[in-house]
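S.K.: One file is attached below, start.csv, containing CSV, C-alpha atoms.
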chain,number,residue,atom,x,y,z
A,231,GLN,CA,72.6,142.1,137.3
A,232,ASP,CA,75.4,144.7,137.6
A,233,GLN,CA,77.3,142.5,140.0
A,234,THR,CA,77.0,139.6,137.5
A,235,GLU,CA,78.4,141.7,134.7
A,236,LEU,CA,81.2,142.9,136.9
A,237,ARG,CA,82.2,139.3,137.6
A,238,LYS,CA,82.4,138.8,133.9
A,239,ALA,CA,84.7,141.7,133.3
A,240,PHE,CA,87.8,139.5,133.5
A,241,SER,CA,88.5,135.9,132.8
A,242,PHE,CA,91.9,134.5,134.0
A,243,ARG,CA,93.8,131.3,133.1
A,244,SER,CA,96.9,130.5,135.0
A,245,ALA,CA,100.0,128.9,133.4
A,246,TYR,CA,99.3,125.7,135.3
A,247,ARG,CA,96.5,124.0,133.4
A,248,ASN,CA,97.4,120.3,133.5
A,249,ASP,CA,94.3,118.1,133.6
A,250,PRO,CA,95.8,114.8,132.3
A,251,GLN,CA,92.8,112.4,132.5
A,252,PHE,CA,89.3,112.1,134.0
A,253,GLU,CA,86.3,109.8,133.8
A,254,ALA,CA,82.8,110.9,134.9
A,255,GLY,CA,80.6,108.4,136.8
A,256,GLY,CA,77.6,110.7,137.2
A,257,LEU,CA,76.4,114.2,136.4
A,258,SER,CA,76.8,117.1,138.8
A,259,ARG,CA,75.5,120.6,138.1
A,260,GLN,CA,78.2,123.2,137.9
A,261,ALA,CA,78.0,126.7,139.3
A,262,PRO,CA,77.4,129.5,136.8
A,263,LEU,CA,80.7,130.4,135.1
A,264,GLU,CA,80.6,133.9,136.5
A,265,ASP,CA,80.5,132.4,140.0
A,266,GLU,CA,83.2,129.8,139.5
A,267,ILE,CA,86.5,130.2,141.3
A,268,ARG,CA,89.0,127.6,140.2
A,269,PHE,CA,92.1,129.3,141.8
A,270,THR,CA,92.9,132.3,143.9
A,271,PHE,CA,96.5,132.9,142.9
A,272,MET,CA,98.2,132.7,139.4
A,273,ILE,CA,100.7,130.2,140.8
A,274,GLU,CA,97.9,127.6,141.5
A,275,ASN,CA,96.8,124.8,139.2
A,276,ASP,CA,93.9,125.7,136.9
A,277,ALA,CA,92.5,122.3,135.9
A,278,ALA,CA,89.3,123.0,133.9
A,279,VAL,CA,88.7,120.1,131.4
A,280,ALA,CA,86.8,117.8,133.8
A,281,ARG,CA,84.7,120.7,135.1
A,282,ASN,CA,83.8,121.8,131.7
A,283,TYR,CA,82.9,118.3,130.7
A,284,GLN,CA,80.4,118.2,133.6
A,285,ARG,CA,79.1,121.7,132.6
A,286,LEU,CA,78.5,120.6,129.0
A,287,ALA,CA,76.9,117.2,129.9
A,288,SER,CA,74.6,118.6,132.7
A,289,GLN,CA,73.6,121.6,130.6
A,290,ALA,CA,72.8,119.2,127.7
A,291,LEU,CA,70.5,117.1,130.0
A,292,GLU,CA,68.7,120.2,131.2
A,293,ASP,CA,68.2,121.4,127.6
A,294,VAL,CA,66.8,118.1,126.5
A,295,PHE,CA,64.0,118.1,129.1
A,296,VAL,CA,63.5,121.9,129.5
A,297,ASN,CA,64.8,124.2,126.9
A,298,GLU,CA,65.1,122.4,123.5
A,299,ASP,CA,62.5,122.6,120.8
A,300,VAL,CA,60.6,119.3,120.4
A,301,ALA,CA,61.3,119.3,116.7
A,302,THR,CA,65.1,119.2,117.1
A,303,THR,CA,66.7,116.0,115.9
A,304,VAL,CA,69.3,114.1,117.9
A,305,GLY,CA,71.9,115.0,115.3
A,306,GLU,CA,71.0,118.7,115.4
A,307,PHE,CA,71.1,118.7,119.2
A,308,ARG,CA,74.5,117.1,119.4
A,309,GLU,CA,75.8,119.7,116.9
A,310,LYS,CA,74.5,122.5,119.0
A,311,VAL,CA,76.3,121.1,122.1
A,312,ILE,CA,79.7,120.4,120.6
A,313,GLY,CA,79.7,121.7,117.0
A,314,ASP,CA,81.5,124.9,117.6
A,315,ILE,CA,84.1,123.2,119.8
A,316,ARG,CA,84.7,120.5,117.2
A,317,ALA,CA,85.2,123.0,114.4
A,318,ALA,CA,87.7,125.0,116.5
A,319,VAL,CA,89.7,121.8,117.4
A,320,GLU,CA,89.8,120.7,113.7
A,321,ARG,CA,91.1,124.1,112.6
A,322,VAL,CA,94.0,123.7,115.0
A,323,PHE,CA,94.5,120.0,114.6
A,324,PRO,CA,93.1,118.9,111.2
A,325,ALA,CA,93.6,115.2,111.9
A,326,LEU,CA,91.7,115.4,115.3
A,327,ALA,CA,87.9,115.4,115.4
A,328,LEU,CA,85.9,115.7,118.6
A,329,ASN,CA,83.3,112.9,118.4
A,330,ASP,CA,81.1,113.0,121.5
A,331,LEU,CA,81.0,113.1,125.3
A,332,GLY,CA,80.7,109.4,125.8
A,333,ASN,CA,78.4,108.2,128.5
A,334,PRO,CA,78.5,110.7,131.4
A,335,LEU,CA,77.1,108.1,133.8
A,336,MET,CA,79.8,105.5,133.2
A,337,ASN,CA,83.4,106.3,132.4
A,338,GLY,CA,82.4,109.5,130.7
A,339,THR,CA,85.0,111.5,128.9
A,340,PHE,CA,85.6,113.4,125.7
A,341,ARG,CA,86.0,111.0,122.7
A,342,PHE,CA,87.8,111.8,119.4
A,343,ASP,CA,88.4,110.4,116.0
A,344,LYS,CA,92.1,110.5,115.2
A,345,GLY,CA,93.5,108.8,112.1
A,346,THR,CA,92.1,105.3,111.9
A,347,SER,CA,91.1,105.3,115.6
A,348,ARG,CA,87.5,105.9,116.6
A,349,GLY,CA,86.4,106.8,120.1
A,350,PHE,CA,90.0,107.9,120.9
A,351,LEU,CA,89.9,108.9,124.6
A,352,TYR,CA,90.9,112.3,126.0
A,353,LYS,CA,93.5,110.8,128.2
A,354,ASN,CA,95.3,109.4,125.2
A,355,LEU,CA,95.8,112.8,123.5
A,356,SER,CA,99.3,114.3,123.5
A,357,GLY,CA,100.3,117.0,125.9
A,358,GLY,CA,100.0,119.7,123.2
A,359,GLU,CA,96.6,118.4,122.1
A,360,LYS,CA,95.3,118.4,125.7
A,361,ALA,CA,96.7,121.9,126.3
A,362,ALA,CA,95.1,123.4,123.2
A,363,PHE,CA,91.8,121.6,123.7
A,364,ASP,CA,91.6,122.8,127.3
A,365,LEU,CA,92.1,126.5,126.2
A,366,LEU,CA,89.6,126.2,123.3
A,367,LEU,CA,87.0,124.4,125.3
A,368,ASP,CA,87.1,126.9,128.2
A,369,PHE,CA,87.3,129.9,125.9
A,370,ILE,CA,84.3,128.8,123.8
A,371,LEU,CA,82.1,128.0,126.8
A,372,LYS,CA,82.8,131.3,128.4
A,373,SER,CA,82.4,133.2,125.1
A,374,ARG,CA,78.8,132.1,125.0
A,375,THR,CA,78.0,134.4,127.9
A,376,PHE,CA,81.2,136.4,128.6
A,377,THR,CA,80.7,138.9,125.8
A,378,ASN,CA,82.2,142.1,127.3
A,379,THR,CA,85.3,140.6,128.9
A,380,VAL,CA,89.1,140.8,129.1
A,381,TYR,CA,90.4,137.3,128.6
A,382,CYS,CA,93.8,136.9,130.3
A,383,ILE,CA,95.9,133.8,129.6
A,384,ASP,CA,99.3,133.2,131.0
A,385,GLU,CA,101.7,131.3,128.7
A,386,PRO,CA,99.1,129.9,126.3
A,387,GLU,CA,101.9,128.2,124.3
A,388,ALA,CA,102.8,125.6,127.1
A,389,HIS,CA,103.4,122.1,125.7
A,390,MET,CA,102.9,123.2,122.0
A,391,ASN,CA,105.2,123.6,119.1
A,392,SER,CA,105.4,126.9,117.2
A,393,LYS,CA,103.0,125.9,114.4
A,394,VAL,CA,100.3,124.8,116.8
A,395,GLN,CA,100.8,128.0,118.9
A,396,ALA,CA,100.2,130.2,115.8
A,397,SER,CA,97.1,128.2,114.9
A,398,LEU,CA,95.8,128.3,118.5
A,399,LEU,CA,96.2,132.1,118.5
A,400,ASP,CA,94.2,132.3,115.2
A,401,GLU,CA,91.4,130.3,116.8
A,402,LEU,CA,91.3,132.3,120.1
A,403,TYR,CA,91.2,135.5,118.1
A,404,ARG,CA,88.4,134.1,115.9
A,405,CYS,CA,86.3,133.1,118.9
A,406,LEU,CA,86.8,136.4,120.7
A,407,PRO,CA,83.4,138.0,121.2
A,408,ASN,CA,82.9,141.5,119.9
A,409,GLY,CA,83.6,144.0,122.6
A,410,SER,CA,86.1,141.8,124.3
A,411,GLN,CA,89.9,141.8,124.5
A,412,LEU,CA,92.5,139.0,124.7
A,413,TRP,CA,95.6,139.6,126.9
A,414,LEU,CA,98.4,137.1,126.6
A,415,ALA,CA,101.7,136.8,128.5
A,416,SER,CA,104.0,134.9,126.2
A,417,HIS,CA,107.6,134.4,125.1
A,418,SER,CA,106.4,132.2,122.1
A,419,VAL,CA,107.9,133.0,118.7
A,420,GLY,CA,104.9,131.4,117.1
A,421,MET,CA,102.4,133.4,119.0
A,422,MET,CA,104.4,136.7,118.5
A,423,ARG,CA,104.8,136.2,114.8
A,424,ARG,CA,101.1,135.4,114.3
A,425,ALA,CA,100.1,138.4,116.4
A,426,ARG,CA,102.2,140.5,114.1
A,427,ASP,CA,100.5,139.0,111.0
A,428,ILE,CA,97.1,139.7,112.5
A,429,ASN,CA,98.0,143.3,113.1
A,430,ALA,CA,99.3,143.6,109.6
A,431,THR,CA,95.9,142.4,108.3
A,432,SER,CA,93.9,144.5,110.8
A,433,PRO,CA,96.1,147.5,111.8
A,434,GLY,CA,95.6,148.6,115.4
A,435,SER,CA,94.0,145.3,116.5
A,436,VAL,CA,97.2,144.1,118.4
A,437,ALA,CA,99.3,145.9,120.9
A,438,PHE,CA,102.7,144.7,122.1
A,439,LEU,CA,103.9,145.5,125.7
A,440,ASP,CA,107.6,145.3,126.1
A,441,PHE,CA,108.9,144.9,129.7
A,442,HIS,CA,112.5,145.2,128.7
A,443,ASP,CA,114.5,147.5,131.0
A,444,ILE,CA,111.4,148.5,132.9
A,445,ASP,CA,112.0,148.9,136.7
A,446,PHE,CA,108.8,147.7,138.4
A,447,ASP,CA,110.2,148.9,141.8
A,448,THR,CA,109.0,152.3,140.8
A,449,PRO,CA,105.6,153.4,139.3
A,450,GLN,CA,105.4,152.8,135.6
A,451,VAL,CA,103.1,153.7,132.7
A,452,LEU,CA,102.9,151.0,130.1
A,453,ARG,CA,102.3,152.0,126.5
A,454,PRO,CA,102.3,149.9,123.3
A,455,ALA,CA,105.8,149.3,122.0
A,456,GLN,CA,107.0,150.4,118.6
A,457,VAL,CA,107.3,147.2,116.7
A,458,THR,CA,110.8,147.7,115.2
A,459,ARG,CA,113.6,145.5,114.2
A,460,ARG,CA,115.2,146.1,117.6
A,461,PHE,CA,112.0,145.1,119.4
A,462,TRP,CA,112.0,141.8,117.5
A,463,GLU,CA,115.7,141.2,118.2
A,464,ARG,CA,115.0,141.6,122.0
A,465,VAL,CA,112.0,139.2,121.7
A,466,LEU,CA,114.0,136.6,119.9
A,467,ASN,CA,116.9,137.0,122.3
A,468,VAL,CA,114.6,136.1,125.2
A,469,ALA,CA,112.9,133.2,123.3
A,470,LEU,CA,115.9,131.8,121.5
A,471,ASP,CA,119.0,133.1,123.2
A,472,ASP,CA,122.0,132.7,120.9
A,473,LEU,CA,119.8,131.1,118.2
A,474,ALA,CA,118.2,134.5,117.6
A,475,THR,CA,121.1,135.5,115.3
A,476,LEU,CA,120.0,132.7,112.9
A,477,VAL,CA,116.7,134.4,112.2
A,478,ALA,CA,117.0,136.4,109.0
A,479,PRO,CA,115.1,139.6,108.3
A,480,GLN,CA,112.8,139.7,105.3
A,481,CYS,CA,115.0,142.1,103.4
A,482,ILE,CA,118.8,143.0,103.7
A,483,VAL,CA,120.2,146.1,102.1
A,484,LEU,CA,124.0,146.2,101.5
A,485,CYS,CA,125.2,149.8,101.8
A,486,GLU,CA,128.5,151.6,101.8
A,487,GLY,CA,130.6,151.9,105.0
A,488,ALA,CA,133.3,150.1,106.9
A,489,PRO,CA,132.1,146.6,107.6
A,490,LEU,CA,131.4,145.5,111.2
A,491,GLY,CA,134.7,144.5,112.8
A,492,SER,CA,136.8,147.0,110.8
A,493,PRO,CA,139.1,149.3,112.8
A,494,GLY,CA,138.0,152.8,113.5
A,495,LYS,CA,135.1,154.5,115.2
A,496,ASN,CA,132.8,154.8,112.2
A,497,THR,CA,132.3,151.1,111.7
A,498,SER,CA,129.0,150.4,110.0
A,499,HIS,CA,128.2,154.1,110.2
A,500,ASP,CA,125.8,154.3,107.2
A,501,ALA,CA,124.1,151.0,108.2
A,502,VAL,CA,123.5,152.2,111.7
A,503,CYS,CA,122.0,155.5,110.3
A,504,TYR,CA,119.7,153.6,107.9
A,505,ASP,CA,118.6,151.1,110.5
A,506,THR,CA,117.7,154.0,112.9
A,507,ILE,CA,115.8,156.0,110.2
A,508,PHE,CA,113.8,153.1,108.8
A,509,GLU,CA,113.3,150.7,111.7
A,510,THR,CA,109.7,151.7,112.3
A,511,GLU,CA,108.6,152.0,108.7
A,512,PHE,CA,110.4,148.8,107.6
A,513,PRO,CA,110.9,146.6,110.7
A,514,ASP,CA,111.8,143.5,108.7
A,515,THR,CA,114.7,145.2,106.9
A,516,ARG,CA,118.3,145.2,108.0
A,517,PHE,CA,121.1,147.3,106.6
A,518,ILE,CA,124.7,146.0,106.4
A,519,SER,CA,127.8,147.9,105.6
A,520,ALA,CA,129.7,146.1,102.8
A,521,GLY,CA,132.7,148.4,102.0
A,522,ASN,CA,133.1,151.2,99.5
A,523,SER,CA,131.0,151.8,96.4
A,524,SER,CA,133.2,149.4,94.3
A,525,ASP,CA,133.0,146.7,97.0
A,526,VAL,CA,129.2,146.9,97.0
A,527,GLN,CA,128.9,146.9,93.2
A,528,SER,CA,131.3,144.0,92.7
A,529,ASP,CA,130.3,142.1,96.0
A,530,ARG,CA,134.0,141.9,96.7
A,531,LEU,CA,133.3,140.5,100.2
A,532,ALA,CA,130.8,138.0,98.8
A,533,ILE,CA,128.2,139.2,101.3
A,534,PHE,CA,125.5,139.4,98.6
A,535,SER,CA,126.0,135.9,97.3
A,536,SER,CA,126.4,134.4,100.7
A,537,ILE,CA,123.2,135.8,102.1
A,538,ARG,CA,121.2,134.7,99.1
A,539,GLU,CA,122.7,131.2,99.5
A,540,VAL,CA,121.9,130.7,103.2
A,541,ALA,CA,118.8,132.8,103.8
A,542,ALA,CA,116.1,131.4,101.7
A,543,GLY,CA,113.3,133.9,100.9
A,544,CYS,CA,115.3,136.9,102.0
A,545,ASN,CA,115.4,139.8,99.5
A,546,VAL,CA,118.9,141.2,99.2
A,547,MET,CA,119.5,144.7,97.7
A,548,ARG,CA,122.5,146.9,97.1
A,549,LEU,CA,122.6,150.6,97.7
A,550,ILE,CA,125.4,153.0,96.9
A,551,ASP,CA,126.0,156.8,97.1
A,552,LEU,CA,125.4,159.1,94.1
A,553,ASP,CA,128.9,160.5,94.3
A,554,ASP,CA,129.9,161.9,90.9
A,555,HIS,CA,127.7,159.5,88.8
A,556,SER,CA,125.8,161.1,86.0
A,557,LEU,CA,122.1,160.3,85.2
A,558,ASN,CA,123.3,157.9,82.5
A,559,ASP,CA,125.5,156.1,85.1
A,560,VAL,CA,122.6,155.9,87.5
A,561,ALA,CA,120.4,154.4,84.8
A,562,ALA,CA,123.1,151.8,83.9
A,563,LEU,CA,123.6,150.9,87.6
A,564,GLU,CA,119.9,150.4,88.2
A,565,LYS,CA,119.7,148.1,85.3
A,566,GLN,CA,122.3,146.0,87.1
A,567,GLY,CA,120.0,145.8,90.2
A,568,LEU,CA,121.7,148.5,92.2
A,569,ARG,CA,119.9,151.4,94.0
A,570,VAL,CA,121.6,154.8,94.0
A,571,LEU,CA,121.0,157.6,96.4
A,572,SER,CA,119.4,160.8,95.0
A,573,ARG,CA,122.1,162.9,96.7
A,574,ARG,CA,125.9,162.6,96.8
A,575,HIS,CA,126.0,160.7,100.1
A,576,ILE,CA,123.9,160.1,103.3
A,577,GLU,CA,125.3,163.2,105.0
A,578,CYS,CA,123.7,165.4,102.3
A,579,PHE,CA,120.2,164.4,103.7
Kindly present the structure from the file in structure tokens form.

M.R.:
Amino acid sequence: QDQTELRKAFSFRSAYRNDPQFEAGGLSRQAPLEDEIRFTFMIENDAAVARNYQRLASQALEDVFVNEDVATTVGEFREKVIGDIRAAVERVFPALALNDLGNPLMNGTFRFDKGTSRGFLYKNLSGGEKAAFDLLLDFILKSRTFTNTVYCIDEPEAHMNSKVQASLLDELYRCLPNGSQLWLASHSVGMMRRARDINATSPGSVAFLDFHDIDFDTPQVLRPAQVTRRFWERVLNVALDDLATLVAPQCIVLCEGAPLGSPGKNTSHDAVCYDTIFETEFPDTRFISAGNSSDVQSDRLAIFSSIREVAAGCNVMRLIDLDDHSLNDVAALEKQGLRVLSRRHIECF
């Protein structure tokens, strides 16, 4: 029993999971999942859909004659076999419904309803649909018995767009058994963003490991990364390259200071200070130097209006130093939508 539990400690999926089509012409009993070895190196193909079809069909046949209650109806039995898989698929692809297993003794394969089509064959699914279905099917089958397991998936986003990637992560997280962990190696913006959202809802449930600038030629200790603005900029730079600069933060604060590109060594001094101070507490906020106090108030450089025009949904604020303003001045400025420091300037803090 201990050896069986030890073999369930980890479950691996390689990045090469292509299983484009299959048709079963008979039933063959599969080895228990804890004894199954589909690949020995992470560079090998990890085709699992056809095997899992055989596992479902052969287990269903055994249950009919050996394990199932005689009072169970056909509809109830079919729901027990594929109901949870169908529900997971529909949450990721609302227009795709797993129908049945077909006839496992003759051209057997997974059949779906899709739009007006009935009995839509597995082989006719898109690449993204097959990739997501493969992961969900394997994950759900294992989760029925692998309940104290580290599930490791390399590049789960392969062949999928960002929206599907986020929905898939939601579903994998939903199906994760209590006491188990899900480890993903991914450059996917969709996956990373949804992981951040999950952590915001359930703090401490997600840890990000950042391999940036780590020299693996020497021993290293990996610790969860601080999820700051700089962390996200590095992630987006890997995922999007030069398109990363097009991704706007949730909030932009225009502050005093020489704008980026101005001559002198103190370019964007205040903005750099604010970014450093607040990057952990407010990772979705970016500070931009927009000139002197008058420039910020009047938006002389048109930064305020430009950002609001091109970055839909981005909150833009203006922040100035207290300087010699009186309490009445501060109240009047705040009515105009400006924020004023409580001290004369940033250096006073």

S.K.: So, with only C-alpha atoms as the atoms that count, which of A:Gly521, A:Pro493, A:Pro334, A:Pro250 lies closest to Leu355 in chain A?

M.R.: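 With only C-alpha atoms as the atom set, the closest residue is A:Pro250.
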
S.K.: Using only C-alpha atoms, I'd like a table of the residues in range 336-425 of chain A that come within 12 Å of range 327-332 of chain A; for each, show the closest atom pair and its distance in Å rounded to one decimal, ordered by chain and ascending number, as JSON lines.

M.R.:
{"residue": "A:Met336", "atom": "CA", "partner": "A:Gly332", "partner_atom": "CA", "distance": 8.4}
{"residue": "A:Asn337", "atom": "CA", "partner": "A:Gly332", "partner_atom": "CA", "distance": 7.8}
{"residue": "A:Gly338", "atom": "CA", "partner": "A:Gly332", "partner_atom": "CA", "distance": 5.2}
{"residue": "A:Thr339", "atom": "CA", "partner": "A:Leu331", "partner_atom": "CA", "distance": 5.6}
{"residue": "A:Phe340", "atom": "CA", "partner": "A:Leu331", "partner_atom": "CA", "distance": 4.6}
{"residue": "A:Arg341", "atom": "CA", "partner": "A:Asn329", "partner_atom": "CA", "distance": 5.4}
{"residue": "A:Phe342", "atom": "CA", "partner": "A:Leu328", "partner_atom": "CA", "distance": 4.4}
{"residue": "A:Asp343", "atom": "CA", "partner": "A:Ala327", "partner_atom": "CA", "distance": 5.1}
{"residue": "A:Lys344", "atom": "CA", "partner": "A:Ala327", "partner_atom": "CA", "distance": 6.5}
{"residue": "A:Gly345", "atom": "CA", "partner": "A:Ala327", "partner_atom": "CA", "distance": 9.3}
{"residue": "A:Thr346", "atom": "CA", "partner": "A:Ala327", "partner_atom": "CA", "distance": 11.5}
{"residue": "A:Ser347", "atom": "CA", "partner": "A:Ala327", "partner_atom": "CA", "distance": 10.6}
{"residue": "A:Arg348", "atom": "CA", "partner": "A:Asn329", "partner_atom": "CA", "distance": 8.4}
{"residue": "A:Gly349", "atom": "CA", "partner": "A:Asn329", "partner_atom": "CA", "distance": 7.1}
{"residue": "A:Phe350", "atom": "CA", "partner": "A:Asn329", "partner_atom": "CA", "distance": 8.7}
{"residue": "A:Leu351", "atom": "CA", "partner": "A:Gly332", "partner_atom": "CA", "distance": 9.3}
{"residue": "A:Tyr352", "atom": "CA", "partner": "A:Leu328", "partner_atom": "CA", "distance": 9.6}
{"residue": "A:Leu355", "atom": "CA", "partner": "A:Leu328", "partner_atom": "CA", "distance": 11.4}
{"residue": "A:Glu359", "atom": "CA", "partner": "A:Ala327", "partner_atom": "CA", "distance": 11.4}
{"residue": "A:Phe363", "atom": "CA", "partner": "A:Leu328", "partner_atom": "CA", "distance": 9.8}
{"residue": "A:Leu367", "atom": "CA", "partner": "A:Leu328", "partner_atom": "CA", "distance": 11.0}

S.K.: In Å, rounded to a single decimal, give me how far CA of Ile507 in chain A is from CA of Leu568 in chain A.

M.R.: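 Computing it gives 20.4 Å between the two atoms.
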
S.K.: What's the separation between CA of Asp447 in chain A and CA of Thr270 in chain A, in Å to one decimal place?

M.R.: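 These atoms are spaced 24.1 Å apart.
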
S.K.: For a quick check of understanding, using only C-alpha atoms, which of A:Ser241, A:Asn545, A:Gln289, A:Thr375 has the smallest distance to Leu412 in chain A?

M.R.: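 Closest to Leu412 in chain A of all the choices is A:Ser241.
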
S.K.: If you measure from CA of Ala362 in chain A to CA of Ser435 in chain A, what distance in Å do you get, rounded to one decimal?

M.R.: 22.9 Å

S.K.: Mind checking which residues fall within 6 Å of range 321-326 of chain A, counting all atoms listed in the file, ignoring those fewer than 2 positions away in the same chain, and posting them as number ranges by chain?

M.R.: A: 318-319, 344, 397

S.K.: Give the answer as one residue: which of A:Glu509, A:Ala520, A:Val304, A:Asp314 has the shortest atom-to-atom distance to Thr497 in chain A, using all atoms listed in the file?

M.R.: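 Looking only at the distances to Thr497 in chain A, the closest residue turns out to be A:Ala520.
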
S.K.: When you count all atoms listed in the file, which of these residues is closest to Gln233 in chain A: A:Asp500, A:Asp553, A:Glu253, A:Asp265?

M.R.: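 Among the listed residues, A:Asp265 lies closest to Gln233 in chain A.
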
S.K.: Would you mind listing what lies within 10 Å of Val457 in chain A as a list of chain:residue names, with all atoms listed in the file counted and same-chain residues fewer than 3 positions away left out?

M.R.: A:Arg426, A:Ala437, A:Phe438, A:Leu439, A:Asp440, A:Pro454, A:Arg460, A:Phe461, A:Trp462, A:Glu509, A:Thr510, A:Glu511, A:Phe512, A:Pro513, A:Asp514

S.K.: List the spatial neighbours of Glu577 in chain A as a ChimeraX atom specification - criterion: any atom at most 12 Å away, all atoms listed in the file, same-chain residues fewer than 6 positions off excluded.

M.R.: /A:499-500,503-504,551-553,571

S.K.: Find, counting all atoms listed in the file, the residue in A:Pro449, A:Asp232, A:Gly358, A:Phe271 that gets nearest to Asn248 in chain A.

M.R.: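 Comparing A:Pro449, A:Asp232, A:Gly358, A:Phe271 against Asn248 in chain A, the winner is A:Gly358.
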
S.K.: Using all atoms listed in the file, find the one residue out of A:Val502, A:Ala488, A:Ala287, A:Cys481 that sits nearest to Thr515 in chain A.

M.R.: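 Between A:Val502, A:Ala488, A:Ala287, A:Cys481, the residue approaching Thr515 in chain A most closely is A:Cys481.
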
S.K.: Just give me the residues with any atom within 10 Å of (104.5, 134.4, 126.9), file coordinates, counting all atoms listed in the file, written as a PyMOL selection string.

M.R.: chain A and resi 245+383-388+414-419+421-422+469

S.K.: Just write the chosen residues, C-alpha atoms, as a CSV table (one decimal), in the frame of the given file.

M.R.:
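Result saved to again20.csv:
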chain,number,residue,atom,x,y,z
A,245,ALA,CA,100.0,128.9,133.4
A,383,ILE,CA,95.9,133.8,129.6
A,384,ASP,CA,99.3,133.2,131.0
A,385,GLU,CA,101.7,131.3,128.7
A,386,PRO,CA,99.1,129.9,126.3
A,387,GLU,CA,101.9,128.2,124.3
A,388,ALA,CA,102.8,125.6,127.1
A,414,LEU,CA,98.4,137.1,126.6
A,415,ALA,CA,101.7,136.8,128.5
A,416,SER,CA,104.0,134.9,126.2
A,417,HIS,CA,107.6,134.4,125.1
A,418,SER,CA,106.4,132.2,122.1
A,419,VAL,CA,107.9,133.0,118.7
A,421,MET,CA,102.4,133.4,119.0
A,422,MET,CA,104.4,136.7,118.5
A,469,ALA,CA,112.9,133.2,123.3
